[in-house]
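S.K.: Below you'll find the structure I mean.
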Amino acid sequence: MLRFEFPLRRLPFGKATHTWFAERPDPADAWGFAIYYQAKSTEPVSGFKREQKHTKFISLTGTEDDIFDQIGKNTKPKIKRALSEGGLRFSTIEQPDEVRDLYNEFARGKGRPPLDERSFRAYWPKMLATKMSADGEALVMHAFLVDEALKRANHLYSASLFRSSDDSERRSLIGRANRALHYLNMLNFKDRGITTYDLGGYALGTQDPELQEVNEFKDSFGGQLIEESNYISLPLHWARKLNALRRGRKQE
């Protein structure tokens with residue numbers, strides 16, 4: 001279990017907490033501003049609003065061949081080709097600013113909000129980030145929240161220059177690099193003693209074509225579909241509702 005505390009932006013004497021991978025929420029947190037991400041329990045808990053959460057687990061307990069064998073037949077050749085292309089280079093990222101900048105560039109291209117600086121900086125000591133580069137340029141970045149005690153790596157942030165390229169060959173290269181980066185991450189985490197590679201969420205039952213495409217990508221690595229829970233304390237839940245209502249009124 002990982003736990004992080006933040007000062008509240010509008011209440012200088014209060015704090016918010018993010019807890020990851022707990023069995024279930026602590027009842028004492030029901031009175032504060034608390035979020036439990038990907039808790040193992042799937043039952044309602046008094047004092048919290050439960051949100052269903054699905055993800056894909058890839059087991060890293062077998063051999064390297066076992067890990068590769070569970071990957072889909074259409075993805076394996078793309079990984080093999082990427083690994084044979086001499087221009088691609090796998091490396092870890094040591095500086096949080098590089099992760100932030102890569103993610104924010106990607107987010108701008110997709111019309112998404114930038115990375116939340118407050119939580120990212122708090123999470124960073126428990127994170128590991130990697131990238132695939134070509135000619136000194138990062139093509140794909142993955143960043144993980146790592147629970148050493150649970151031996152679990154959670155894919156938390158990712159970025160790709162895929163959408164910024166109009167060259168079809170380069171887009172294909174970036175796509176292969178992305179798949180190869182996942183595979184090399186699995187081997188890297190296996191060497192570090194991690195046994196569960198969490199692909200970071202799965203939009204079960206979605207009708208959104210983009211999310212369906214993401215699901216298909218994650219399915220291509222095999223693994224097991226898992227149900228977990230996000231729990232939001234009721235004070236935080238209602239505070240969010242109130243803020244959303246205020247923002248709606250300002251936009252009118």
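Chain labels follow the order of the structure tokens: the first chain is A, the next B, and so on; residue numbering restarts at 1 in every chain, and ligands are counted from 1 in their shown order.
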Could you tell me, as an mmCIF file with N, CA and C atoms, in the first residue's frame, which residues of segment 131-251 of chain A DSSP assigns to helix (DSSP H, G or I) when given the backbone?

M.R.:
data_model
loop_
_atom_site.group_PDB
_atom_site.id
_atom_site.type_symbol
_atom_site.label_atom_id
_atom_site.label_comp_id
_atom_site.auth_asym_id
_atom_site.auth_seq_id
_atom_site.Cartn_x
_atom_site.Cartn_y
_atom_site.Cartn_z
ATOM 1 N N PHE A 162 3.163 9.896 -31.439
ATOM 2 C CA PHE A 162 2.443 9.295 -32.568
ATOM 3 C C PHE A 162 1.602 10.312 -33.320
ATOM 4 N N ARG A 163 0.843 11.102 -32.597
ATOM 5 C CA ARG A 163 -0.089 12.032 -33.231
ATOM 6 C C ARG A 163 0.609 13.268 -33.793
ATOM 7 N N SER A 164 1.859 13.481 -33.425
ATOM 8 C CA SER A 164 2.562 14.668 -33.907
ATOM 9 C C SER A 164 3.302 14.406 -35.209
ATOM 10 N N SER A 168 3.863 8.297 -42.243
ATOM 11 C CA SER A 168 3.245 7.009 -41.905
ATOM 12 C C SER A 168 4.284 6.001 -41.421
ATOM 13 N N GLU A 169 5.470 6.016 -42.008
ATOM 14 C CA GLU A 169 6.516 5.076 -41.577
ATOM 15 C C GLU A 169 6.962 5.382 -40.152
ATOM 16 N N ARG A 170 7.076 6.678 -39.846
ATOM 17 C CA ARG A 170 7.489 7.045 -38.488
ATOM 18 C C ARG A 170 6.383 6.730 -37.495
ATOM 19 N N ARG A 171 5.144 6.921 -37.883
ATOM 20 C CA ARG A 171 4.032 6.568 -37.007
ATOM 21 C C ARG A 171 4.037 5.074 -36.716
ATOM 22 N N SER A 172 4.344 4.281 -37.722
ATOM 23 C CA SER A 172 4.419 2.831 -37.518
ATOM 24 C C SER A 172 5.576 2.480 -36.589
ATOM 25 N N LEU A 173 6.701 3.195 -36.749
ATOM 26 C CA LEU A 173 7.857 2.975 -35.880
ATOM 27 C C LEU A 173 7.498 3.289 -34.431
ATOM 28 N N ILE A 174 6.782 4.393 -34.219
ATOM 29 C CA ILE A 174 6.400 4.776 -32.858
ATOM 30 C C ILE A 174 5.447 3.743 -32.270
ATOM 31 N N GLY A 175 4.535 3.241 -33.092
ATOM 32 C CA GLY A 175 3.623 2.198 -32.616
ATOM 33 C C GLY A 175 4.370 0.949 -32.193
ATOM 34 N N ARG A 176 5.370 0.544 -32.981
ATOM 35 C CA ARG A 176 6.173 -0.630 -32.613
ATOM 36 C C ARG A 176 6.994 -0.343 -31.357
ATOM 37 N N ALA A 177 7.529 0.869 -31.267
ATOM 38 C CA ALA A 177 8.324 1.244 -30.095
ATOM 39 C C ALA A 177 7.483 1.192 -28.831
ATOM 40 N N ASN A 178 6.228 1.600 -28.927
ATOM 41 C CA ASN A 178 5.327 1.575 -27.775
ATOM 42 C C ASN A 178 5.106 0.146 -27.288
ATOM 43 N N ARG A 179 4.872 -0.770 -28.221
ATOM 44 C CA ARG A 179 4.660 -2.173 -27.853
ATOM 45 C C ARG A 179 5.941 -2.777 -27.269
ATOM 46 N N ALA A 180 7.060 -2.463 -27.894
ATOM 47 C CA ALA A 180 8.334 -2.992 -27.394
ATOM 48 C C ALA A 180 8.664 -2.429 -26.016
ATOM 49 N N LEU A 181 8.293 -1.168 -25.780
ATOM 50 C CA LEU A 181 8.565 -0.568 -24.476
ATOM 51 C C LEU A 181 7.793 -1.296 -23.379
ATOM 52 N N HIS A 182 6.552 -1.651 -23.650
ATOM 53 C CA HIS A 182 5.798 -2.428 -22.655
ATOM 54 C C HIS A 182 6.511 -3.755 -22.359
ATOM 55 N N TYR A 183 6.940 -4.431 -23.409
ATOM 56 C CA TYR A 183 7.591 -5.725 -23.200
ATOM 57 C C TYR A 183 8.903 -5.562 -22.425
ATOM 58 N N LEU A 184 9.702 -4.580 -22.794
ATOM 59 C CA LEU A 184 10.968 -4.365 -22.081
ATOM 60 C C LEU A 184 10.717 -3.915 -20.643
ATOM 61 N N ASN A 185 9.649 -3.152 -20.434
ATOM 62 C CA ASN A 185 9.280 -2.792 -19.051
ATOM 63 C C ASN A 185 8.980 -4.047 -18.232
ATOM 64 N N MET A 186 8.251 -4.973 -18.837
ATOM 65 C CA MET A 186 7.933 -6.216 -18.130
ATOM 66 C C MET A 186 9.201 -6.946 -17.712
ATOM 67 N N LEU A 187 10.158 -7.046 -18.616
ATOM 68 C CA LEU A 187 11.408 -7.736 -18.291
ATOM 69 C C LEU A 187 12.202 -6.960 -17.245
ATOM 70 N N ASN A 188 12.196 -5.644 -17.357
ATOM 71 C CA ASN A 188 12.906 -4.808 -16.391
ATOM 72 C C ASN A 188 12.310 -4.967 -14.995
ATOM 73 N N PHE A 189 10.988 -4.940 -14.904
ATOM 74 C CA PHE A 189 10.344 -5.105 -13.600
ATOM 75 C C PHE A 189 10.532 -6.527 -13.063
ATOM 76 N N LYS A 190 10.508 -7.491 -13.937
ATOM 77 C CA LYS A 190 10.767 -8.867 -13.495
ATOM 78 C C LYS A 190 12.130 -8.954 -12.831
ATOM 79 N N ASP A 191 13.142 -8.334 -13.438
ATOM 80 C CA ASP A 191 14.492 -8.333 -12.868
ATOM 81 C C ASP A 191 14.539 -7.619 -11.526
ATOM 82 N N PRO A 209 -15.247 4.782 -29.127
ATOM 83 C CA PRO A 209 -14.330 4.104 -30.058
ATOM 84 C C PRO A 209 -12.857 4.225 -29.663
ATOM 85 N N GLU A 210 -12.470 5.378 -29.143
ATOM 86 C CA GLU A 210 -11.070 5.562 -28.751
ATOM 87 C C GLU A 210 -10.719 4.658 -27.569
ATOM 88 N N LEU A 211 -11.605 4.573 -26.580
ATOM 89 C CA LEU A 211 -11.351 3.703 -25.435
ATOM 90 C C LEU A 211 -11.404 2.225 -25.833
ATOM 91 N N GLN A 212 -12.266 1.888 -26.780
ATOM 92 C CA GLN A 212 -12.298 0.518 -27.290
ATOM 93 C C GLN A 212 -10.961 0.150 -27.938
ATOM 94 N N GLU A 213 -10.394 1.095 -28.655
ATOM 95 C CA GLU A 213 -9.089 0.865 -29.278
ATOM 96 C C GLU A 213 -8.005 0.658 -28.231
ATOM 97 N N VAL A 214 -8.069 1.445 -27.152
ATOM 98 C CA VAL A 214 -7.112 1.273 -26.053
ATOM 99 C C VAL A 214 -7.285 -0.098 -25.412
ATOM 100 N N ASN A 215 -8.527 -0.516 -25.206
ATOM 101 C CA ASN A 215 -8.779 -1.854 -24.650
ATOM 102 C C ASN A 215 -8.178 -2.944 -25.529
ATOM 103 N N GLU A 216 -8.364 -2.819 -26.831
ATOM 104 C CA GLU A 216 -7.826 -3.817 -27.759
ATOM 105 C C GLU A 216 -6.305 -3.859 -27.687
ATOM 106 N N PHE A 217 -5.697 -2.695 -27.554
ATOM 107 C CA PHE A 217 -4.240 -2.641 -27.404
ATOM 108 C C PHE A 217 -3.807 -3.388 -26.147
ATOM 109 N N LYS A 218 -4.488 -3.151 -25.045
ATOM 110 C CA LYS A 218 -4.125 -3.811 -23.792
ATOM 111 C C LYS A 218 -4.407 -5.304 -23.856
ATOM 112 N N ASP A 219 -5.501 -5.679 -24.518
ATOM 113 C CA ASP A 219 -5.811 -7.100 -24.682
ATOM 114 C C ASP A 219 -4.714 -7.829 -25.456
ATOM 115 N N LEU A 234 -16.932 10.715 1.498
ATOM 116 C CA LEU A 234 -18.110 11.534 1.201
ATOM 117 C C LEU A 234 -17.848 13.037 1.303
ATOM 118 N N PRO A 235 -17.053 13.519 2.280
ATOM 119 C CA PRO A 235 -16.751 14.963 2.272
ATOM 120 C C PRO A 235 -16.064 15.406 0.980
ATOM 121 N N LEU A 236 -15.148 14.595 0.477
ATOM 122 C CA LEU A 236 -14.480 14.953 -0.774
ATOM 123 C C LEU A 236 -15.440 14.843 -1.955
ATOM 124 N N HIS A 237 -16.260 13.805 -1.953
ATOM 125 C CA HIS A 237 -17.236 13.624 -3.027
ATOM 126 C C HIS A 237 -18.156 14.834 -3.139
ATOM 127 N N TRP A 238 -18.686 15.300 -2.000
ATOM 128 C CA TRP A 238 -19.614 16.433 -2.050
ATOM 129 C C TRP A 238 -18.884 17.736 -2.315
ATOM 130 N N ALA A 239 -17.641 17.852 -1.879
ATOM 131 C CA ALA A 239 -16.857 19.046 -2.201
ATOM 132 C C ALA A 239 -16.625 19.143 -3.704
ATOM 133 N N ARG A 240 -16.365 18.002 -4.345
ATOM 134 C CA ARG A 240 -16.192 17.986 -5.790
ATOM 135 C C ARG A 240 -17.492 18.372 -6.498
ATOM 136 N N LYS A 241 -18.612 17.847 -6.007
ATOM 137 C CA LYS A 241 -19.903 18.183 -6.596
ATOM 138 C C LYS A 241 -20.163 19.690 -6.503
ATOM 139 N N LEU A 242 -19.832 20.266 -5.345
ATOM 140 C CA LEU A 242 -20.051 21.694 -5.135
ATOM 141 C C LEU A 242 -19.170 22.518 -6.066
ATOM 142 N N ASN A 243 -17.897 22.110 -6.213
ATOM 143 C CA ASN A 243 -16.993 22.833 -7.111
ATOM 144 C C ASN A 243 -17.458 22.749 -8.556
ATOM 145 N N ALA A 244 -17.945 21.574 -8.948
ATOM 146 C CA ALA A 244 -18.442 21.415 -10.319
ATOM 147 C C ALA A 244 -19.651 22.310 -10.555
ATOM 148 N N LEU A 245 -20.532 22.421 -9.543
ATOM 149 C CA LEU A 245 -21.702 23.279 -9.654
ATOM 150 C C LEU A 245 -21.302 24.743 -9.771
ATOM 151 N N ARG A 246 -20.307 25.149 -8.990
ATOM 152 C CA ARG A 246 -19.825 26.525 -9.051
ATOM 153 C C ARG A 246 -19.224 26.840 -10.409
ATOM 154 N N ARG A 247 -18.432 25.896 -10.935
ATOM 155 C CA ARG A 247 -17.828 26.116 -12.260
ATOM 156 C C ARG A 247 -18.903 26.218 -13.332
ATOM 157 N N GLY A 248 -19.945 25.386 -13.216
ATOM 158 C CA GLY A 248 -21.029 25.447 -14.175
ATOM 159 C C GLY A 248 -21.737 26.785 -14.171
ATOM 160 N N ARG A 249 -21.925 27.365 -12.977
ATOM 161 C CA ARG A 249 -22.586 28.652 -12.869
ATOM 162 C C ARG A 249 -21.751 29.774 -13.451
ATOM 163 N N LYS A 250 -20.427 29.677 -13.276
ATOM 164 C CA LYS A 250 -19.540 30.704 -13.818
ATOM 165 C C LYS A 250 -19.535 30.698 -15.331
ATOM 166 N N GLN A 251 -19.751 29.509 -15.928
ATOM 167 C CA GLN A 251 -19.707 29.416 -17.372
ATOM 168 C C GLN A 251 -21.021 29.863 -18.018
#

S.K.: What lies within 9 Å of Thr61 of chain A using only C-alpha atoms, ignoring chain neighbours under 5 positions off, as a ChimeraX atom specification?

M.R.: /A:66-67,190,193-196

S.K.: Please produce a file of those selected residues containing all heavy atoms, as an mmCIF file, in the first residue's frame.

M.R.:
data_model
loop_
_atom_site.group_PDB
_atom_site.id
_atom_site.type_symbol
_atom_site.label_atom_id
_atom_site.label_comp_id
_atom_site.auth_asym_id
_atom_site.auth_seq_id
_atom_site.Cartn_x
_atom_site.Cartn_y
_atom_site.Cartn_z
ATOM 1 N N ASP A 66 7.697 -17.216 -21.036
ATOM 2 C CA ASP A 66 6.304 -17.240 -20.587
ATOM 3 C C ASP A 66 5.646 -15.874 -20.788
ATOM 4 O O ASP A 66 4.481 -15.782 -21.202
ATOM 5 C CB ASP A 66 6.215 -17.632 -19.111
ATOM 6 C CG ASP A 66 6.610 -19.073 -18.856
ATOM 7 O OD1 ASP A 66 6.441 -19.896 -19.770
ATOM 8 O OD2 ASP A 66 7.097 -19.362 -17.748
ATOM 9 N N ILE A 67 6.382 -14.821 -20.465
ATOM 10 C CA ILE A 67 5.841 -13.466 -20.620
ATOM 11 C C ILE A 67 5.568 -13.169 -22.088
ATOM 12 O O ILE A 67 4.516 -12.633 -22.451
ATOM 13 C CB ILE A 67 6.828 -12.434 -20.029
ATOM 14 C CG1 ILE A 67 6.912 -12.608 -18.502
ATOM 15 C CG2 ILE A 67 6.402 -11.011 -20.380
ATOM 16 C CD1 ILE A 67 7.994 -11.779 -17.853
ATOM 17 N N LYS A 190 10.508 -7.491 -13.937
ATOM 18 C CA LYS A 190 10.767 -8.867 -13.495
ATOM 19 C C LYS A 190 12.130 -8.954 -12.831
ATOM 20 O O LYS A 190 12.285 -9.563 -11.768
ATOM 21 C CB LYS A 190 10.681 -9.832 -14.682
ATOM 22 C CG LYS A 190 11.048 -11.267 -14.338
ATOM 23 C CD LYS A 190 10.926 -12.177 -15.549
ATOM 24 C CE LYS A 190 11.513 -13.550 -15.249
ATOM 25 N NZ LYS A 190 10.831 -14.205 -14.102
ATOM 26 N N GLY A 193 12.195 -7.819 -9.302
ATOM 27 C CA GLY A 193 11.409 -8.576 -8.340
ATOM 28 C C GLY A 193 9.928 -8.269 -8.345
ATOM 29 O O GLY A 193 9.186 -8.766 -7.488
ATOM 30 N N ILE A 194 9.466 -7.462 -9.302
ATOM 31 C CA ILE A 194 8.039 -7.153 -9.421
ATOM 32 C C ILE A 194 7.346 -8.340 -10.081
ATOM 33 O O ILE A 194 7.844 -8.905 -11.056
ATOM 34 C CB ILE A 194 7.828 -5.870 -10.248
ATOM 35 C CG1 ILE A 194 8.522 -4.681 -9.569
ATOM 36 C CG2 ILE A 194 6.354 -5.596 -10.465
ATOM 37 C CD1 ILE A 194 8.018 -4.360 -8.191
ATOM 38 N N THR A 195 6.174 -8.707 -9.570
ATOM 39 C CA THR A 195 5.467 -9.879 -10.104
ATOM 40 C C THR A 195 4.176 -9.536 -10.844
ATOM 41 O O THR A 195 3.639 -10.377 -11.550
ATOM 42 C CB THR A 195 5.136 -10.865 -8.966
ATOM 43 O OG1 THR A 195 4.329 -10.205 -7.981
ATOM 44 C CG2 THR A 195 6.409 -11.387 -8.311
ATOM 45 N N THR A 196 3.666 -8.295 -10.666
ATOM 46 C CA THR A 196 2.419 -7.903 -11.324
ATOM 47 C C THR A 196 2.625 -6.616 -12.105
ATOM 48 O O THR A 196 3.023 -5.583 -11.541
ATOM 49 C CB THR A 196 1.289 -7.687 -10.306
ATOM 50 O OG1 THR A 196 1.045 -8.908 -9.596
ATOM 51 C CG2 THR A 196 0.004 -7.256 -11.002
#

S.K.: From the DSSP assignment of the backbone, select every residue of segment 121-223 of chain A that is strand (DSSP E), and format the answer as a count of residues only.

M.R.: 31

S.K.: If you count only C-alpha atoms, which residues fall within 10 Å of segment 100-117 of chain A, apart from same-chain ones fewer than 4 positions away, as an mmCIF file with C-alpha atoms, in the first residue's frame?

M.R.:
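Once everything was written out, this is out.cif:
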data_model
loop_
_atom_site.group_PDB
_atom_site.id
_atom_site.type_symbol
_atom_site.label_atom_id
_atom_site.label_comp_id
_atom_site.auth_asym_id
_atom_site.auth_seq_id
_atom_site.Cartn_x
_atom_site.Cartn_y
_atom_site.Cartn_z
ATOM 1 C CA GLN A 95 14.412 13.513 -13.935
ATOM 2 C CA PRO A 96 10.718 14.167 -13.189
ATOM 3 C CA ARG A 121 5.633 15.434 -7.464
ATOM 4 C CA ALA A 122 4.334 13.547 -4.421
ATOM 5 C CA TYR A 123 4.245 10.261 -6.336
ATOM 6 C CA ALA A 138 12.043 10.267 -27.110
ATOM 7 C CA LEU A 139 9.311 8.512 -29.090
ATOM 8 C CA VAL A 140 7.369 6.900 -26.232
ATOM 9 C CA MET A 141 7.383 7.346 -22.444
ATOM 10 C CA HIS A 142 5.827 5.167 -19.744
ATOM 11 C CA ALA A 143 5.756 6.049 -16.041
ATOM 12 C CA TYR A 157 1.297 7.995 -17.210
ATOM 13 C CA SER A 158 2.226 7.502 -20.841
ATOM 14 C CA ALA A 159 3.094 9.733 -23.765
ATOM 15 C CA SER A 160 3.760 9.174 -27.417
ATOM 16 C CA LEU A 161 4.683 11.420 -30.341
ATOM 17 C CA PHE A 162 2.443 9.295 -32.568
ATOM 18 C CA ARG A 163 -0.089 12.032 -33.231
ATOM 19 C CA SER A 164 2.562 14.668 -33.907
#

S.K.: Expressed in Å to a single decimal, how great is the separation between atom CA of Gly72 of chain A and atom CA of Ala153 of chain A?

M.R.: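 Between these atoms lies a distance of 21.1 Å.
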
S.K.: Which residues of segment 127-244 of chain A have any atom within 6 Å of an atom in segment 15-36 of chain A when counting only C-alpha atoms, and what is the closest pair of atoms for each, with the distance in Å to one decimal? Order the rows by chain and rising number and write it as a Markdown table.

M.R.:
| residue | atom | partner | partner_atom | distance |
| --- | --- | --- | --- | --- |
| A:Asn230 | CA | A:Tyr36 | CA | 5.4 |
| A:Tyr231 | CA | A:Tyr36 | CA | 4.9 |
| A:Ile232 | CA | A:Ile35 | CA | 4.6 |
| A:Ser233 | CA | A:Ala30 | CA | 5.0 |
| A:Leu236 | CA | A:Phe33 | CA | 4.8 |

S.K.: Could you turn the residues from that selection into a file that holds C-alpha atoms, as a PDB file, in the first residue's frame?

M.R.:
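Saved the output as part_37.pdb:
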ATOM      1  CA  ASN A 230     -11.756   3.535  -6.176  1.00  0.00           C
ATOM      2  CA  TYR A 231     -13.263   4.899  -2.947  1.00  0.00           C
ATOM      3  CA  ILE A 232     -13.861   8.615  -2.412  1.00  0.00           C
ATOM      4  CA  SER A 233     -14.709   9.862   1.062  1.00  0.00           C
ATOM      5  CA  LEU A 236     -14.480  14.953  -0.774  1.00  0.00           C
TER       6      LEU A 236
END
